[in-house]
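Next up, model_26.pdb (PDB, C-alpha atoms):
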```pdb
ATOM      1  CA  MET A   1      15.142  -6.794 -87.210
ATOM      2  CA  MET A   2      15.519  -7.604 -83.554
ATOM      3  CA  ASP A   3      14.393 -11.097 -82.484
ATOM      4  CA  LEU A   4      12.542 -10.657 -79.198
ATOM      5  CA  GLY A   5      12.634 -14.356 -78.392
ATOM      6  CA  TYR A   6      16.416 -14.311 -78.169
ATOM      7  CA  TYR A   7      16.338 -11.664 -75.448
ATOM      8  CA  PHE A   8      13.513 -13.138 -73.371
ATOM      9  CA  VAL A   9      14.256 -12.930 -69.618
ATOM     10  CA  GLY A  10      11.148 -14.217 -67.866
ATOM     11  CA  LYS A  11       7.755 -13.214 -66.564
ATOM     12  CA  VAL A  12       7.541 -10.638 -63.778
ATOM     13  CA  ASP A  13       5.257  -7.772 -62.831
ATOM     14  CA  ARG A  14       7.746  -4.972 -63.487
ATOM     15  CA  GLY A  15      10.992  -4.362 -65.250
ATOM     16  CA  SER A  16      13.658  -1.739 -64.656
ATOM     17  CA  GLY A  17      17.052  -0.665 -65.855
ATOM     18  CA  THR A  18      18.179  -2.741 -68.811
ATOM     19  CA  VAL A  19      14.904  -4.591 -69.373
ATOM     20  CA  PHE A  20      11.544  -3.724 -70.904
ATOM     21  CA  THR A  21       8.152  -5.346 -70.470
ATOM     22  CA  VAL A  22       5.325  -6.303 -72.802
ATOM     23  CA  ASP A  23       1.865  -7.009 -71.381
ATOM     24  CA  ASP A  24      -0.047  -9.122 -73.895
ATOM     25  CA  GLY A  25      -3.273  -9.086 -71.897
ATOM     26  CA  TYR A  26      -2.536 -12.428 -70.249
ATOM     27  CA  GLU A  27       1.067 -12.260 -69.057
ATOM     28  CA  THR A  28       3.837  -9.729 -68.673
ATOM     29  CA  HIS A  29       6.934 -10.665 -70.655
ATOM     30  CA  VAL A  30      10.332  -9.228 -69.749
ATOM     31  CA  TYR A  31      13.123  -8.738 -72.281
ATOM     32  CA  GLU A  32      16.678  -7.493 -72.088
ATOM     33  CA  HIS A  33      17.320  -4.185 -73.821
ATOM     34  CA  PRO A  34      19.992  -5.162 -76.355
ATOM     35  CA  HIS A  35      22.975  -2.822 -76.542
ATOM     36  CA  GLY A  36      22.686  -0.305 -79.382
ATOM     37  CA  VAL A  37      19.010  -0.970 -80.166
ATOM     38  CA  SER A  38      16.777   2.108 -80.262
ATOM     39  CA  LYS A  39      13.420   2.423 -78.519
ATOM     40  CA  ARG A  40      11.783   2.706 -81.944
ATOM     41  CA  ASP A  41      13.362  -0.573 -83.093
ATOM     42  CA  ILE A  42      12.146  -2.250 -79.908
ATOM     43  CA  ARG A  43       8.606  -0.961 -80.492
ATOM     44  CA  VAL A  44       8.662  -2.294 -84.076
ATOM     45  CA  ALA A  45       9.947  -5.674 -82.856
ATOM     46  CA  VAL A  46       7.181  -5.815 -80.233
ATOM     47  CA  ALA A  47       4.571  -5.105 -82.923
ATOM     48  CA  VAL A  48       5.952  -7.813 -85.204
ATOM     49  CA  ALA A  49       6.271 -10.417 -82.444
ATOM     50  CA  PHE A  50       2.928  -9.820 -80.743
ATOM     51  CA  ILE A  51       0.643  -8.450 -83.460
ATOM     52  CA  ASP A  52       1.674 -10.157 -86.702
ATOM     53  CA  ASP A  53       0.760 -13.541 -85.193
ATOM     54  CA  GLN A  54      -2.678 -12.371 -83.993
ATOM     55  CA  ASP A  55      -5.990 -13.230 -85.633
ATOM     56  CA  SER A  56      -6.010 -11.170 -88.833
ATOM     57  CA  SER A  57      -9.701 -10.353 -88.382
ATOM     58  CA  LEU A  58      -8.870  -8.342 -85.258
ATOM     59  CA  ASP A  59      -6.928  -5.079 -85.075
ATOM     60  CA  TYR A  60      -4.240  -4.688 -82.386
ATOM     61  CA  ARG A  61      -1.784  -1.936 -81.517
ATOM     62  CA  VAL A  62       1.222  -1.418 -79.282
ATOM     63  CA  THR A  63       0.471   1.094 -76.540
ATOM     64  CA  GLY A  64       2.597   2.564 -73.777
ATOM     65  CA  ARG A  65       6.140   3.870 -73.853
ATOM     66  CA  TYR A  66       9.512   2.359 -73.170
ATOM     67  CA  PRO A  67      10.090   0.463 -70.925
ATOM     68  CA  HIS A  68       6.467  -0.715 -70.527
ATOM     69  CA  TYR A  69       4.404  -1.723 -73.550
ATOM     70  CA  SER A  70       0.931  -3.213 -73.802
ATOM     71  CA  ILE A  71      -0.823  -4.942 -76.683
ATOM     72  CA  GLU A  72      -4.410  -3.764 -76.976
ATOM     73  CA  GLU A  73      -7.236  -4.541 -79.337
ATOM     74  CA  VAL A  74      -8.472  -1.478 -81.233
ATOM     75  CA  LYS A  75     -12.213  -1.154 -80.733
TER      76      LYS A  75
END
```
If you convert what's in this file into structure tokens, what do you get?
Amino acid sequence: MMDLGYYFVGKVDRGSGTVFTVDDGYETHVYEHPHGVSKRDIRVAVAVAFIDDQDSSLDYRVTGRYPHYSIEEVK
């Protein structure tokens, strides 16, 4: 499993090229796209990093497509 924290770049409004972004509703996080890692693996890592630590009484999902993801509460 990819560790998103290891690849953290910084916080900016947009990413391009070899980075992808995750908007958690408060901030936009920018990560390097590790060599050889698929878009699916990145999406799974985003879900684990941003959703598994959320309040278990709420339901969240990863929306958007590479390179821009958002974490949204399912209503």
| task | Excluding Ile71 in chain A and residues on its chain fewer than 6 positions from it, collect all residues at most 12 Å away from it, counting all atoms listed in the file, and give them as a list of chain:residue names. | result | A:Thr21, A:Val22, A:Asp23, A:Asp24, A:Gly25, A:Tyr26, A:Glu27, A:Thr28, A:His29, A:Arg43, A:Val46, A:Ala47, A:Val48, A:Ala49, A:Phe50, A:Ile51, A:Asp52, A:Gln54, A:Asp59, A:Tyr60, A:Arg61, A:Val62, A:Thr63, A:Gly64, A:Arg65
Please, could you write that set of residues out with C-alpha atoms as a PDB file, in the coordinates of the input?
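What ended up in out19.pdb:
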```pdb
ATOM      1  CA  THR A  21       8.152  -5.346 -70.470  1.00  0.00           C
ATOM      2  CA  VAL A  22       5.325  -6.303 -72.802  1.00  0.00           C
ATOM      3  CA  ASP A  23       1.865  -7.009 -71.381  1.00  0.00           C
ATOM      4  CA  ASP A  24      -0.047  -9.122 -73.895  1.00  0.00           C
ATOM      5  CA  GLY A  25      -3.273  -9.086 -71.897  1.00  0.00           C
ATOM      6  CA  TYR A  26      -2.536 -12.428 -70.249  1.00  0.00           C
ATOM      7  CA  GLU A  27       1.067 -12.260 -69.057  1.00  0.00           C
ATOM      8  CA  THR A  28       3.837  -9.729 -68.673  1.00  0.00           C
ATOM      9  CA  HIS A  29       6.934 -10.665 -70.655  1.00  0.00           C
ATOM     10  CA  ARG A  43       8.606  -0.961 -80.492  1.00  0.00           C
ATOM     11  CA  VAL A  46       7.181  -5.815 -80.233  1.00  0.00           C
ATOM     12  CA  ALA A  47       4.571  -5.105 -82.923  1.00  0.00           C
ATOM     13  CA  VAL A  48       5.952  -7.813 -85.204  1.00  0.00           C
ATOM     14  CA  ALA A  49       6.271 -10.417 -82.444  1.00  0.00           C
ATOM     15  CA  PHE A  50       2.928  -9.820 -80.743  1.00  0.00           C
ATOM     16  CA  ILE A  51       0.643  -8.450 -83.460  1.00  0.00           C
ATOM     17  CA  ASP A  52       1.674 -10.157 -86.702  1.00  0.00           C
ATOM     18  CA  GLN A  54      -2.678 -12.371 -83.993  1.00  0.00           C
ATOM     19  CA  ASP A  59      -6.928  -5.079 -85.075  1.00  0.00           C
ATOM     20  CA  TYR A  60      -4.240  -4.688 -82.386  1.00  0.00           C
ATOM     21  CA  ARG A  61      -1.784  -1.936 -81.517  1.00  0.00           C
ATOM     22  CA  VAL A  62       1.222  -1.418 -79.282  1.00  0.00           C
ATOM     23  CA  THR A  63       0.471   1.094 -76.540  1.00  0.00           C
ATOM     24  CA  GLY A  64       2.597   2.564 -73.777  1.00  0.00           C
ATOM     25  CA  ARG A  65       6.140   3.870 -73.853  1.00  0.00           C
TER      26      ARG A  65
END
```
| message | Nearest residue to Ser57 in chain A out of A:Tyr69, A:Pro34, A:Val44, A:Val74, using all atoms listed in the file? | response |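 Between A:Tyr69, A:Pro34, A:Val44, A:Val74, the residue approaching Ser57 in chain A most closely is A:Val74.
You can rank A:Lys39, A:Tyr31, A:Leu4, A:Ser56 by their closest distance to Glu73 in chain A using all atoms listed in the file, and at the top of that list sits A:Ser56.
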| request: Provide the CA of Glu32 in chain A to CA of Asp53 in chain A distance in Å, to one decimal place. | output: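 Calculated distance between CA of Glu32 in chain A and CA of Asp53 in chain A is 21.5 Å.
Relative to CA of His35 in chain A, CA of Val19 in chain A is found at 10.9 Å.
Here CA of Ser70 in chain A stands at a distance of 16.4 Å from CA of His33 in chain A.
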